Structure formats: C-alpha cells, structure tokens
$ cat coords00.pdb   # PDB, C-alpha atoms
ATOM      1  CA  MET N  21     212.503 119.164   1.850  1.00  0.00           C
ATOM      2  CA  LEU N  22     215.820 117.510   2.629  1.00  0.00           C
ATOM      3  CA  PHE N  23     217.432 119.484  -0.207  1.00  0.00           C
ATOM      4  CA  GLU N  24     216.060 122.785   1.183  1.00  0.00           C
ATOM      5  CA  LYS N  25     217.445 121.994   4.642  1.00  0.00           C
ATOM      6  CA  GLY N  26     220.794 121.195   3.085  1.00  0.00           C
ATOM      7  CA  VAL N  27     220.826 124.484   1.149  1.00  0.00           C
ATOM      8  CA  ALA N  28     219.794 126.422   4.267  1.00  0.00           C
ATOM      9  CA  ALA N  29     222.538 124.747   6.293  1.00  0.00           C
ATOM     10  CA  MET N  30     225.055 125.515   3.562  1.00  0.00           C
ATOM     11  CA  LYS N  31     224.023 129.193   3.470  1.00  0.00           C
ATOM     12  CA  LYS N  32     224.270 129.394   7.238  1.00  0.00           C
ATOM     13  CA  SER N  33     227.691 127.746   7.153  1.00  0.00           C
ATOM     14  CA  THR N  34     228.871 130.124   4.407  1.00  0.00           C
ATOM     15  CA  LEU N  35     227.695 133.155   6.385  1.00  0.00           C
ATOM     16  CA  ALA N  36     229.506 131.894   9.482  1.00  0.00           C
ATOM     17  CA  VAL N  37     232.723 131.545   7.501  1.00  0.00           C
ATOM     18  CA  GLU N  38     232.314 135.051   6.037  1.00  0.00           C
ATOM     19  CA  ARG N  39     231.672 136.533   9.480  1.00  0.00           C
ATOM     20  CA  CYS N  40     234.704 134.799  10.908  1.00  0.00           C
ATOM     21  CA  ARG N  41     236.901 136.069   8.064  1.00  0.00           C
ATOM     22  CA  THR N  42     235.684 139.627   8.594  1.00  0.00           C
ATOM     23  CA  ILE N  43     236.251 139.532  12.341  1.00  0.00           C
ATOM     24  CA  SER N  44     239.571 137.774  11.834  1.00  0.00           C
ATOM     25  CA  THR N  45     240.711 140.438   9.382  1.00  0.00           C
ATOM     26  CA  ILE N  46     239.661 143.263  11.703  1.00  0.00           C
ATOM     27  CA  GLN N  47     241.458 141.570  14.572  1.00  0.00           C
ATOM     28  CA  LYS N  48     244.636 141.207  12.502  1.00  0.00           C
ATOM     29  CA  ILE N  49     244.543 144.877  11.508  1.00  0.00           C
ATOM     30  CA  LEU N  50     243.733 146.325  14.927  1.00  0.00           C
ATOM     31  CA  GLY N  51     245.043 143.536  17.146  1.00  0.00           C
ATOM     32  CA  GLY N  52     248.422 145.049  17.881  1.00  0.00           C
ATOM     33  CA  LYS N  53     248.937 145.866  21.536  1.00  0.00           C
ATOM     34  CA  TRP N  54     248.985 149.629  20.963  1.00  0.00           C
ATOM     35  CA  LYS N  55     247.025 150.209  17.738  1.00  0.00           C
ATOM     36  CA  ILE N  56     243.703 151.157  19.307  1.00  0.00           C
ATOM     37  CA  GLU N  57     245.446 153.553  21.670  1.00  0.00           C
ATOM     38  CA  ILE N  58     247.477 155.090  18.837  1.00  0.00           C
ATOM     39  CA  LEU N  59     244.322 155.648  16.781  1.00  0.00           C
ATOM     40  CA  TYR N  60     242.606 157.154  19.823  1.00  0.00           C
ATOM     41  CA  TYR N  61     245.347 159.738  20.368  1.00  0.00           C
ATOM     42  CA  ILE N  62     245.547 160.667  16.696  1.00  0.00           C
ATOM     43  CA  ALA N  63     241.771 160.935  16.257  1.00  0.00           C
ATOM     44  CA  PHE N  64     240.497 162.302  19.542  1.00  0.00           C
ATOM     45  CA  GLN N  65     243.447 163.923  21.315  1.00  0.00           C
ATOM     46  CA  ASP N  66     244.932 165.694  18.291  1.00  0.00           C
ATOM     47  CA  ILE N  67     248.335 164.084  18.856  1.00  0.00           C
ATOM     48  CA  HIS N  68     250.050 163.571  15.497  1.00  0.00           C
ATOM     49  CA  ARG N  69     253.805 163.573  16.110  1.00  0.00           C
ATOM     50  CA  PHE N  70     255.855 160.478  16.849  1.00  0.00           C
ATOM     51  CA  GLY N  71     257.477 161.869  19.988  1.00  0.00           C
ATOM     52  CA  ALA N  72     254.179 163.125  21.400  1.00  0.00           C
ATOM     53  CA  LEU N  73     252.547 159.741  20.795  1.00  0.00           C
ATOM     54  CA  ARG N  74     255.432 158.000  22.546  1.00  0.00           C
ATOM     55  CA  ARG N  75     255.281 160.340  25.537  1.00  0.00           C
ATOM     56  CA  GLN N  76     251.496 159.998  25.783  1.00  0.00           C
ATOM     57  CA  ILE N  77     251.498 156.201  25.685  1.00  0.00           C
ATOM     58  CA  GLY N  78     254.504 156.034  27.990  1.00  0.00           C
ATOM     59  CA  GLU N  79     255.045 152.284  28.221  1.00  0.00           C
ATOM     60  CA  ILE N  80     255.649 151.759  24.500  1.00  0.00           C
ATOM     61  CA  THR N  81     259.162 151.406  23.127  1.00  0.00           C
ATOM     62  CA  GLU N  82     260.288 153.428  20.145  1.00  0.00           C
ATOM     63  CA  SER N  83     260.597 150.286  18.023  1.00  0.00           C
ATOM     64  CA  SER N  84     257.104 149.066  18.992  1.00  0.00           C
ATOM     65  CA  LEU N  85     255.573 152.450  18.174  1.00  0.00           C
ATOM     66  CA  THR N  86     257.375 152.495  14.831  1.00  0.00           C
ATOM     67  CA  LYS N  87     256.150 148.982  14.029  1.00  0.00           C
ATOM     68  CA  GLN N  88     252.553 149.686  15.014  1.00  0.00           C
ATOM     69  CA  LEU N  89     252.496 152.953  13.039  1.00  0.00           C
ATOM     70  CA  ARG N  90     253.933 151.242   9.958  1.00  0.00           C
ATOM     71  CA  GLU N  91     251.314 148.488  10.180  1.00  0.00           C
ATOM     72  CA  LEU N  92     248.475 151.014  10.560  1.00  0.00           C
ATOM     73  CA  GLU N  93     249.861 152.872   7.558  1.00  0.00           C
ATOM     74  CA  ALA N  94     250.180 149.665   5.499  1.00  0.00           C
ATOM     75  CA  ASP N  95     246.585 148.754   6.391  1.00  0.00           C
ATOM     76  CA  GLY N  96     245.382 152.168   5.229  1.00  0.00           C
ATOM     77  CA  PHE N  97     244.276 153.620   8.582  1.00  0.00           C
ATOM     78  CA  ILE N  98     246.852 156.410   8.830  1.00  0.00           C
ATOM     79  CA  THR N  99     249.123 158.433   6.585  1.00  0.00           C
ATOM     80  CA  ARG N 100     252.660 159.455   7.413  1.00  0.00           C
ATOM     81  CA  TYR N 101     254.045 162.819   6.414  1.00  0.00           C
ATOM     82  CA  ASP N 102     257.786 163.398   6.663  1.00  0.00           C
ATOM     83  CA  TYR N 103     258.701 167.088   6.630  1.00  0.00           C
ATOM     84  CA  LYS N 104     262.303 166.225   5.633  1.00  0.00           C
ATOM     85  CA  GLU N 105     263.746 168.398   8.390  1.00  0.00           C
ATOM     86  CA  VAL N 106     266.569 168.068  10.874  1.00  0.00           C
ATOM     87  CA  PRO N 107     265.755 167.152  13.543  1.00  0.00           C
ATOM     88  CA  PRO N 108     263.229 164.774  11.987  1.00  0.00           C
ATOM     89  CA  HIS N 109     259.630 165.987  11.949  1.00  0.00           C
ATOM     90  CA  VAL N 110     257.086 163.296  11.094  1.00  0.00           C
ATOM     91  CA  GLU N 111     253.331 163.519  11.597  1.00  0.00           C
ATOM     92  CA  TYR N 112     250.549 160.991  11.284  1.00  0.00           C
ATOM     93  CA  ASP N 113     246.916 161.516  10.440  1.00  0.00           C
ATOM     94  CA  LEU N 114     243.871 159.395   9.766  1.00  0.00           C
ATOM     95  CA  THR N 115     243.001 158.384   6.225  1.00  0.00           C
ATOM     96  CA  GLU N 116     239.393 158.230   5.066  1.00  0.00           C
ATOM     97  CA  LEU N 117     239.399 154.568   6.114  1.00  0.00           C
ATOM     98  CA  GLY N 118     240.697 155.525   9.553  1.00  0.00           C
ATOM     99  CA  LYS N 119     238.076 158.257   9.876  1.00  0.00           C
ATOM    100  CA  SER N 120     235.357 155.792   8.880  1.00  0.00           C
ATOM    101  CA  PHE N 121     236.360 153.626  11.857  1.00  0.00           C
ATOM    102  CA  MET N 122     235.920 156.427  14.402  1.00  0.00           C
ATOM    103  CA  PRO N 123     232.133 155.935  14.907  1.00  0.00           C
ATOM    104  CA  VAL N 124     232.862 152.288  15.738  1.00  0.00           C
ATOM    105  CA  PHE N 125     235.578 153.459  18.099  1.00  0.00           C
ATOM    106  CA  GLU N 126     233.193 155.918  19.773  1.00  0.00           C
ATOM    107  CA  HIS N 127     230.652 153.129  20.339  1.00  0.00           C
ATOM    108  CA  MET N 128     233.350 150.924  21.843  1.00  0.00           C
ATOM    109  CA  LYS N 129     234.384 153.722  24.198  1.00  0.00           C
ATOM    110  CA  GLN N 130     230.775 154.433  25.160  1.00  0.00           C
ATOM    111  CA  TRP N 131     230.181 150.744  25.859  1.00  0.00           C
ATOM    112  CA  GLY N 132     233.347 150.622  27.952  1.00  0.00           C
ATOM    113  CA  ASP N 133     232.359 153.721  29.921  1.00  0.00           C
ATOM    114  CA  GLU N 134     228.913 152.251  30.616  1.00  0.00           C
ATOM    115  CA  ASN N 135     229.959 148.684  31.387  1.00  0.00           C
ATOM    116  CA  LEU N 136     233.530 148.798  32.614  1.00  0.00           C
ATOM    117  CA  GLY N 137     233.369 151.847  34.834  1.00  0.00           C
ATOM    118  CA  GLY N 138     235.534 153.775  32.300  1.00  0.00           C
TER     119      GLY N 138
END

$ encode --input "coords00.pdb" --output "structure tokens"
Amino acid sequence: MLFEKGVAAMKKSTLAVERCRTISTIQKILGGKWKIEILYYIAFQDIHRFGALRRQIGEITESSLTKQLRELEADGFITRYDYKEVPPHVEYDLTELGKSFMPVFEHMKQWGDENLGG
C-alpha cells in the first residue's frame, strides 16, 4: 500500500514536471512581446511583408520586429522568403507548425472576446 502511494505520487510528480516543461517551452517560443501579434497579422490579416507588419503594429521598432521574426523562424513557426530585389522585398508566411497553432490562437481570441470585452 505504501509502495503504491509512493508510485502514484511519483507519477503525479513526473506529470507535473512534464506539464511545466511543455508550458515553459511554449512560453519561451511565444513569449516575446510582439510574437502573438505578428502571428495574428500573418495568419488572419494576410499581412506578409516586413514593412506592412511594422506599420500595422506601429509601436514596434525595426530591430525588435527583425528579432521577433527571426526567433519565430528559428522556432519553426514562420518561413522567410527573400525575393533578392532592390529595394528589398521579404515576405513571411506560416509553416505547417505555425498553421497548426492557429486553432489554439482562435480559441484564445474567442476567450478574450467573451471574457475581456474584446
């Protein structure tokens, strides 16, 4: 009996650690100040160009946008396509991983609309 309680406690503890790691990882990936907003504009507002993203967000600096886009790309949420033109023409789009996050995003937005007066 004591052994079973110990095993159950250990399983519960292991699950808690796994949950925390998952949430922690998600937070690290999407925790940048602008990342959620960037993904929103790319996915739902059909805004794919750097300059258009910067104008839409408004308060973001060019260096912050560049950093956030690079991190989203490194984490596999977006792809970057450079048209190799002058003036520079770069577009961003969601990867399959990024697209797979959109239902979660939609639920978050729905919850916000219902509970935060969105």

$ residues_around --input "coords00.pdb" --residues "Phe125 of chain N" --least-positions-apart "2" --cutoff "12 Å" --atoms "only C-alpha atoms" --output "ChimeraX atom specification"
/N:50,55-57,59-61,63-64,118-123,127-132

$ resolve_selection --input "coords00.pdb" --expression "the PyMOL selection byres ((chain N and resi 80) around 12)" --output "PDB file with C-alpha atoms, keeping the file's coordinate frame"
ATOM      1  CA  GLY N  52     248.422 145.049  17.881  1.00  0.00           C
ATOM      2  CA  LYS N  53     248.937 145.866  21.536  1.00  0.00           C
ATOM      3  CA  TRP N  54     248.985 149.629  20.963  1.00  0.00           C
ATOM      4  CA  LYS N  55     247.025 150.209  17.738  1.00  0.00           C
ATOM      5  CA  GLU N  57     245.446 153.553  21.670  1.00  0.00           C
ATOM      6  CA  ILE N  58     247.477 155.090  18.837  1.00  0.00           C
ATOM      7  CA  PHE N  70     255.855 160.478  16.849  1.00  0.00           C
ATOM      8  CA  GLY N  71     257.477 161.869  19.988  1.00  0.00           C
ATOM      9  CA  ALA N  72     254.179 163.125  21.400  1.00  0.00           C
ATOM     10  CA  LEU N  73     252.547 159.741  20.795  1.00  0.00           C
ATOM     11  CA  ARG N  74     255.432 158.000  22.546  1.00  0.00           C
ATOM     12  CA  ARG N  75     255.281 160.340  25.537  1.00  0.00           C
ATOM     13  CA  GLN N  76     251.496 159.998  25.783  1.00  0.00           C
ATOM     14  CA  ILE N  77     251.498 156.201  25.685  1.00  0.00           C
ATOM     15  CA  GLY N  78     254.504 156.034  27.990  1.00  0.00           C
ATOM     16  CA  GLU N  79     255.045 152.284  28.221  1.00  0.00           C
ATOM     17  CA  THR N  81     259.162 151.406  23.127  1.00  0.00           C
ATOM     18  CA  GLU N  82     260.288 153.428  20.145  1.00  0.00           C
ATOM     19  CA  SER N  83     260.597 150.286  18.023  1.00  0.00           C
ATOM     20  CA  SER N  84     257.104 149.066  18.992  1.00  0.00           C
ATOM     21  CA  LEU N  85     255.573 152.450  18.174  1.00  0.00           C
ATOM     22  CA  THR N  86     257.375 152.495  14.831  1.00  0.00           C
ATOM     23  CA  LYS N  87     256.150 148.982  14.029  1.00  0.00           C
ATOM     24  CA  GLN N  88     252.553 149.686  15.014  1.00  0.00           C
ATOM     25  CA  LEU N  89     252.496 152.953  13.039  1.00  0.00           C
TER      26      LEU N  89
END

$ closest_residue --input "coords00.pdb" --among "N:Val110, N:Leu92, N:Leu136, N:Ile98" --to "Ile46 of chain N" --atoms "all atoms listed in the file"
N:Leu92

$ atom_distance --input "coords00.pdb" --atom1 "atom CA of Glu111 of chain N" --atom2 "atom CA of Lys48 of chain N"
24.0 Å

$ axis_aligned_box --input "coords00.pdb" --around "segment 66-85 of chain N" --padding-each-side "6 Å" --output "AutoDock Vina command-line options"
--center_x 252.8 --center_y 157.4 --center_z 21.9 --size_x 27.7 --size_y 28.6 --size_z 24.7

$ atom_distance --input "coords00.pdb" --atom1 "atom CA of Ala94 of chain N" --atom2 "atom CA of Pro107 of chain N"
24.8 Å

$ atom_distance --input "coords00.pdb" --atom1 "atom CA of Glu134 of chain N" --atom2 "atom CA of Gln47 of chain N"
23.0 Å

$ residues_around --input "coords00.pdb" --residues "Ile62 of chain N" --least-positions-apart "5" --cutoff "8 Å" --atoms "only C-alpha atoms" --output "list in words"
Ile67, His68, Tyr112, Asp113 and Leu114 of chain N

$ write_last_selection --input "coords00.pdb" --atoms "C-alpha atoms" --output "PDB file, keeping the file's coordinate frame"
ATOM      1  CA  ILE N  67     248.335 164.084  18.856  1.00  0.00           C
ATOM      2  CA  HIS N  68     250.050 163.571  15.497  1.00  0.00           C
ATOM      3  CA  TYR N 112     250.549 160.991  11.284  1.00  0.00           C
ATOM      4  CA  ASP N 113     246.916 161.516  10.440  1.00  0.00           C
ATOM      5  CA  LEU N 114     243.871 159.395   9.766  1.00  0.00           C
TER       6      LEU N 114
END

$ closest_residue --input "coords00.pdb" --among "N:Asp95, N:Gly137, N:Glu116, N:Glu105" --to "Thr45 of chain N" --atoms "all atoms listed in the file"
N:Asp95
